[in-house]
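**Student:** Structure below; questions to follow.
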Amino acid sequence: MGTLSLPVRLALPEEAQAGSVVSLRLLLQHPMETGYRIGEDGARIPRHILTTLRVSYGNRMIANLTLRPAIAANPYLALSFIADQTGLVTLEVEDDRGAKLMETRLLTVVP
Amino acid sequence: MHPRRSPKWCLTLCLTLGVGLSLSAGAAQSGLAYLGEELKALQADPFANPGLLWVDRGAALWQASPAPEVPACASCHGAPESLREVIPTLPRWNAATQRLENLEGLIRQCQSERQHQPPAPFESEALLALTTRLAHGARGLPLSAAVAPEAAPALARGEAFFRERRGQLGLSCADCHERYKGARLRGDRISEGMINGFPIYRLTWQTLGSRHRMFRWCNEAVRAEPYPFGAGPYLELELFLRHRGAVIPLETPAVRR
């Protein structure tokens, strides 16, 4: 699901042992245009960046990032957390032009 | 015409020539061999190689019907891998049209003649994605040296283009990619100018680009007028580079600096 037309690659194991460290990896296609560059026509290329990235696990927010223009295009992000309960992992991303992306995966925790 | 060389340019090349010479010996190598460890690892990463975003998108486009009642690529061709044997032989000579055709051209031809749609513009996200998905399906296969006898003049013209000095800096492709291979140029390490990784994800571009985009960039680097995408001289150059790089395996999507 999601209205952002830009593809995303999301890697998260489907299953993890209770207490183990799980890593979520994310590759987003986005120009991350800083707004400072000058185009071939001599005009400034308007800013177009991802602004927000949130990850929740169960009913907890495990990441809430504000992204800045200094990030390269098509950013790769990885984050780790401890698997302690079976639950939904939800990723939400927004950019400064109103595009949104929401992806949800189930993480099953086994003893 | 004897264009002057820029002194700054000479300085960069001269300073780094030592490195160039030490690398000159040996068999033809993919641009991969000229990358630092970090970029080698990024290219090899089956998740984080950014070019895979285009592989994913290309896979979706391959399956999708572009308009109601219009067959998808997959409806006629099956899996993208069904074309893998063809990829290393492109560009190739088409005896019927008496022209060279490359992968982008063949995709656009199917879009207009078999799907009756406007062909995706050169360097559009859609054309890059389809090209990348198809070439990705052929990775590991060696570039072919085969050239139809009718294409021999085109091959010779492609080689002549490669060896001709051009631009305000008066440098040929061969000057940089044979003579100065291994040298450093504004942070880049000059490789042998191989085409086995295309489309490539180039950090300098912050995006993915085709072989012809690279040719245009290299023409502009010596301040020469670039040709349009799909132009005859670029197809001949591409044919020559395929022949010259024969036996190097395809590695699409390659990551380059």
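For the structure tokens, the naming scheme is as follows: chains receive sequential letters (A, B, ...) according to their order of presentation, residues are indexed from 1 within each chain, and ligands are indexed from 1 in presentation order.
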Would you return as a list of chain:residue names the members of stretch 13-108 of chain B that DSSP assigns to strand (DSSP E or B) on this structure's backbone?
**Tutor:**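 Taking stretch 13-108 of chain B and keeping strand (DSSP E or B) only, one gets B:Arg92, B:Trp93, B:Asn94, B:Arg99, B:Leu100, B:Glu101.
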**Student:** Counting only C-alpha atoms, what is within 9 Å of A:Ala73, bar same-chain residues fewer than 4 positions away, as a list in words?
**Tutor:**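 The contact residues come out as Leu28, Gln29, His30, Pro31, Met32, Glu33 and Ile49 of chain A; Leu203, Gln206 and Thr207 of chain B.
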**Student:** Create the file for the chosen residues now, containing N, CA and C atoms and written as a short mmCIF file (atom, residue, chain, number, x, y, z; two decimals), in the first residue's frame.
**Tutor:**
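New file again-v3.cif:
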data_model
loop_
_atom_site.label_atom_id
_atom_site.label_comp_id
_atom_site.auth_asym_id
_atom_site.auth_seq_id
_atom_site.Cartn_x
_atom_site.Cartn_y
_atom_site.Cartn_z
N LEU A 28 15.17 3.24 -0.41
CA LEU A 28 14.08 4.04 -0.96
C LEU A 28 14.54 4.73 -2.23
N GLN A 29 13.70 4.72 -3.25
CA GLN A 29 14.07 5.49 -4.44
C GLN A 29 13.52 6.90 -4.30
N HIS A 30 14.43 7.86 -4.19
CA HIS A 30 14.01 9.25 -4.05
C HIS A 30 15.14 10.17 -4.49
N PRO A 31 14.83 11.27 -5.21
CA PRO A 31 15.93 12.12 -5.70
C PRO A 31 16.68 12.84 -4.60
N MET A 32 16.07 13.11 -3.45
CA MET A 32 16.70 13.86 -2.36
C MET A 32 17.39 15.11 -2.90
N GLU A 33 16.63 15.85 -3.67
CA GLU A 33 17.16 17.08 -4.29
C GLU A 33 17.27 18.15 -3.21
N ILE A 49 12.75 16.41 -1.02
CA ILE A 49 13.42 15.46 -0.12
C ILE A 49 12.41 14.68 0.71
N LEU B 203 27.21 6.97 -8.71
CA LEU B 203 27.07 7.89 -7.58
C LEU B 203 27.14 9.35 -8.05
N GLN B 206 23.86 10.17 -9.05
CA GLN B 206 22.85 9.89 -8.02
C GLN B 206 21.68 9.13 -8.61
N THR B 207 21.92 8.44 -9.70
CA THR B 207 20.85 7.65 -10.30
C THR B 207 21.46 6.65 -11.28
#
**Student:** Taking only C-alpha atoms into account and nothing else, which residues of chain A lie no more than 12 Å away from chain B? Please answer as a PyMOL selection string.
**Tutor:** chain A and resi 5-12+24-33+71-78
**Student:** Restrict the selected residues to C-alpha atoms and save them as an mmCIF file, in the first residue's frame.
**Tutor:**
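Okay, part-v2.cif is ready:
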data_model
loop_
_atom_site.group_PDB
_atom_site.id
_atom_site.type_symbol
_atom_site.label_atom_id
_atom_site.label_comp_id
_atom_site.auth_asym_id
_atom_site.auth_seq_id
_atom_site.Cartn_x
_atom_site.Cartn_y
_atom_site.Cartn_z
ATOM 1 C CA SER A 5 5.124 6.364 -6.582
ATOM 2 C CA LEU A 6 8.732 5.610 -5.775
ATOM 3 C CA PRO A 7 9.723 2.028 -5.129
ATOM 4 C CA VAL A 8 10.993 0.785 -1.824
ATOM 5 C CA ARG A 9 12.940 -2.333 -0.918
ATOM 6 C CA LEU A 10 12.260 -3.514 2.594
ATOM 7 C CA ALA A 11 13.980 -6.440 4.281
ATOM 8 C CA LEU A 12 12.782 -7.807 7.586
ATOM 9 C CA LEU A 24 15.289 -3.875 9.275
ATOM 10 C CA ARG A 25 16.848 -2.698 6.032
ATOM 11 C CA LEU A 26 15.359 -0.151 3.736
ATOM 12 C CA LEU A 27 16.248 1.204 0.304
ATOM 13 C CA LEU A 28 14.079 4.037 -0.964
ATOM 14 C CA GLN A 29 14.067 5.490 -4.440
ATOM 15 C CA HIS A 30 14.013 9.252 -4.048
ATOM 16 C CA PRO A 31 15.927 12.122 -5.701
ATOM 17 C CA MET A 32 16.704 13.857 -2.358
ATOM 18 C CA GLU A 33 17.159 17.078 -4.290
ATOM 19 C CA ILE A 71 21.352 12.730 2.466
ATOM 20 C CA ALA A 72 22.298 11.253 -0.932
ATOM 21 C CA ALA A 73 19.664 10.194 -3.451
ATOM 22 C CA ASN A 74 18.051 6.773 -3.031
ATOM 23 C CA PRO A 75 18.913 6.459 0.643
ATOM 24 C CA TYR A 76 19.685 3.188 2.341
ATOM 25 C CA LEU A 77 18.819 2.882 6.020
ATOM 26 C CA ALA A 78 19.212 0.066 8.477
#
**Student:** Residues near stretch 129-142 of chain B, anyone? I mean within 6 Å using only C-alpha atoms, not counting same-chain ones fewer than 2 positions away, as a list of chain:residue names.
**Tutor:**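 Contacts, with the query itself left out: B:Trp54, B:Val55, B:Arg57, B:Gly58, B:Pro80, B:Glu81, B:Arg84, B:Glu125, B:Ala126, B:Leu127, B:Pro199, B:Val247, B:Ile248, B:Pro249, B:Leu250, B:Glu251, B:Thr252.
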**Student:** Using only C-alpha atoms, determine which residues lie at most 12 Å from B:Pro91, disregarding the query and same-chain residues fewer than 3 positions distant; provide the list as a ChimeraX atom specification.
**Tutor:** /B:86-88,94,99-106,143-148,151,154-155,158,195,211,230,232,234-243
**Student:** Go through B:Met214, B:Ala96, B:Met194, B:Ala41 and flag the residue nearest B:Glu123, using only C-alpha atoms for the distances.
**Tutor:**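 Using only C-alpha atoms, the shortest distance to B:Glu123 belongs to B:Met214.
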**Student:** Give me, as a tab-separated table, the closest atom pair and its distance (Å, one decimal) for every residue of stretch 63-165 of chain B within a cut-off of 9 Å of stretch 173-183 of chain B, counting only C-alpha atoms, rows sorted by chain and rising number.
**Tutor:**
residue	atom	partner	partner_atom	distance
B:Phe161	CA	B:Cys173	CA	8.0
B:Phe162	CA	B:Cys173	CA	5.1
B:Arg163	CA	B:Ala174	CA	5.4
B:Glu164	CA	B:Cys173	CA	7.5
B:Arg165	CA	B:Cys173	CA	7.7
**Student:** Keeping only all heavy atoms, take the residues you just selected and write them out as a PDB file, in the first residue's frame.
**Tutor:**
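File produced: out10.pdb:
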ATOM      1  N   PHE B 161      35.828   5.861 -34.127  1.00  0.00           N
ATOM      2  CA  PHE B 161      35.275   6.841 -33.182  1.00  0.00           C
ATOM      3  C   PHE B 161      36.027   6.751 -31.854  1.00  0.00           C
ATOM      4  O   PHE B 161      36.381   7.759 -31.242  1.00  0.00           O
ATOM      5  CB  PHE B 161      33.776   6.547 -32.970  1.00  0.00           C
ATOM      6  CG  PHE B 161      33.024   7.629 -32.229  1.00  0.00           C
ATOM      7  CD1 PHE B 161      32.044   8.393 -32.873  1.00  0.00           C
ATOM      8  CD2 PHE B 161      33.264   7.880 -30.881  1.00  0.00           C
ATOM      9  CE1 PHE B 161      31.334   9.386 -32.191  1.00  0.00           C
ATOM     10  CE2 PHE B 161      32.560   8.862 -30.194  1.00  0.00           C
ATOM     11  CZ  PHE B 161      31.597   9.610 -30.850  1.00  0.00           C
ATOM     12  N   PHE B 162      36.286   5.531 -31.418  1.00  0.00           N
ATOM     13  CA  PHE B 162      36.948   5.298 -30.129  1.00  0.00           C
ATOM     14  C   PHE B 162      38.364   5.876 -30.114  1.00  0.00           C
ATOM     15  O   PHE B 162      38.858   6.313 -29.083  1.00  0.00           O
ATOM     16  CB  PHE B 162      36.991   3.787 -29.862  1.00  0.00           C
ATOM     17  CG  PHE B 162      37.444   3.415 -28.480  1.00  0.00           C
ATOM     18  CD1 PHE B 162      36.574   3.524 -27.392  1.00  0.00           C
ATOM     19  CD2 PHE B 162      38.725   2.940 -28.253  1.00  0.00           C
ATOM     20  CE1 PHE B 162      36.985   3.175 -26.116  1.00  0.00           C
ATOM     21  CE2 PHE B 162      39.146   2.584 -26.972  1.00  0.00           C
ATOM     22  CZ  PHE B 162      38.270   2.705 -25.902  1.00  0.00           C
ATOM     23  N   ARG B 163      39.014   5.858 -31.279  1.00  0.00           N
ATOM     24  CA  ARG B 163      40.425   6.277 -31.323  1.00  0.00           C
ATOM     25  C   ARG B 163      40.613   7.724 -31.766  1.00  0.00           C
ATOM     26  O   ARG B 163      41.714   8.242 -31.746  1.00  0.00           O
ATOM     27  CB  ARG B 163      41.216   5.345 -32.245  1.00  0.00           C
ATOM     28  CG  ARG B 163      41.021   3.886 -31.866  1.00  0.00           C
ATOM     29  CD  ARG B 163      42.164   2.971 -32.165  1.00  0.00           C
ATOM     30  NE  ARG B 163      41.884   1.655 -31.585  1.00  0.00           N
ATOM     31  CZ  ARG B 163      42.090   1.321 -30.322  1.00  0.00           C
ATOM     32  NH1 ARG B 163      42.646   2.186 -29.500  1.00  0.00           N
ATOM     33  NH2 ARG B 163      41.772   0.122 -29.861  1.00  0.00           N
ATOM     34  N   GLU B 164      39.514   8.355 -32.186  1.00  0.00           N
ATOM     35  CA  GLU B 164      39.599   9.727 -32.704  1.00  0.00           C
ATOM     36  C   GLU B 164      39.684  10.727 -31.561  1.00  0.00           C
ATOM     37  O   GLU B 164      38.879  10.659 -30.622  1.00  0.00           O
ATOM     38  CB  GLU B 164      38.292  10.021 -33.444  1.00  0.00           C
ATOM     39  CG  GLU B 164      38.415  10.467 -34.858  1.00  0.00           C
ATOM     40  CD  GLU B 164      37.081  10.219 -35.550  1.00  0.00           C
ATOM     41  OE1 GLU B 164      36.050  10.711 -35.057  1.00  0.00           O
ATOM     42  OE2 GLU B 164      37.079   9.479 -36.553  1.00  0.00           O
ATOM     43  N   ARG B 165      40.613  11.705 -31.680  1.00  0.00           N
ATOM     44  CA  ARG B 165      40.651  12.774 -30.688  1.00  0.00           C
ATOM     45  C   ARG B 165      39.480  13.685 -30.898  1.00  0.00           C
ATOM     46  O   ARG B 165      39.117  13.977 -32.040  1.00  0.00           O
ATOM     47  CB  ARG B 165      41.932  13.581 -30.855  1.00  0.00           C
ATOM     48  CG  ARG B 165      43.141  12.812 -30.519  1.00  0.00           C
ATOM     49  CD  ARG B 165      44.327  13.548 -31.076  1.00  0.00           C
ATOM     50  NE  ARG B 165      45.465  13.284 -30.230  1.00  0.00           N
ATOM     51  CZ  ARG B 165      46.207  14.229 -29.700  1.00  0.00           C
ATOM     52  NH1 ARG B 165      45.960  15.504 -29.932  1.00  0.00           N
ATOM     53  NH2 ARG B 165      47.217  13.908 -28.935  1.00  0.00           N
TER      54      ARG B 165
END
**Student:** Within 12 Å of A:Val93, counting only C-alpha atoms, which residues qualify if same-chain residues fewer than 3 places away don't, as a ChimeraX atom specification?
**Tutor:** /A:1-8,26-30,49-56,63-67,90,96-104
**Student:** Give the helix (DSSP H, G or I) residues of stretch 33-102 of chain B, as assigned by DSSP on the backbone, as an NGL selection string.
**Tutor:** :B and (33-34 or 37-44 or 52-63 or 73-77 or 80-83 or 87-89)
**Student:** Kindly indicate which residue among A:Ala43, A:Thr34, A:Glu14, A:Pro69 lies nearest to A:Leu88, using only C-alpha atoms for the distances.
**Tutor:** A:Glu14
**Student:** Skip A:Gln85 itself and residues of its chain fewer than 3 positions away, then list as an NGL selection string all residues within 9 Å of it, counting only C-alpha atoms.
**Tutor:** :A and (18-19 or 58 or 107-110)
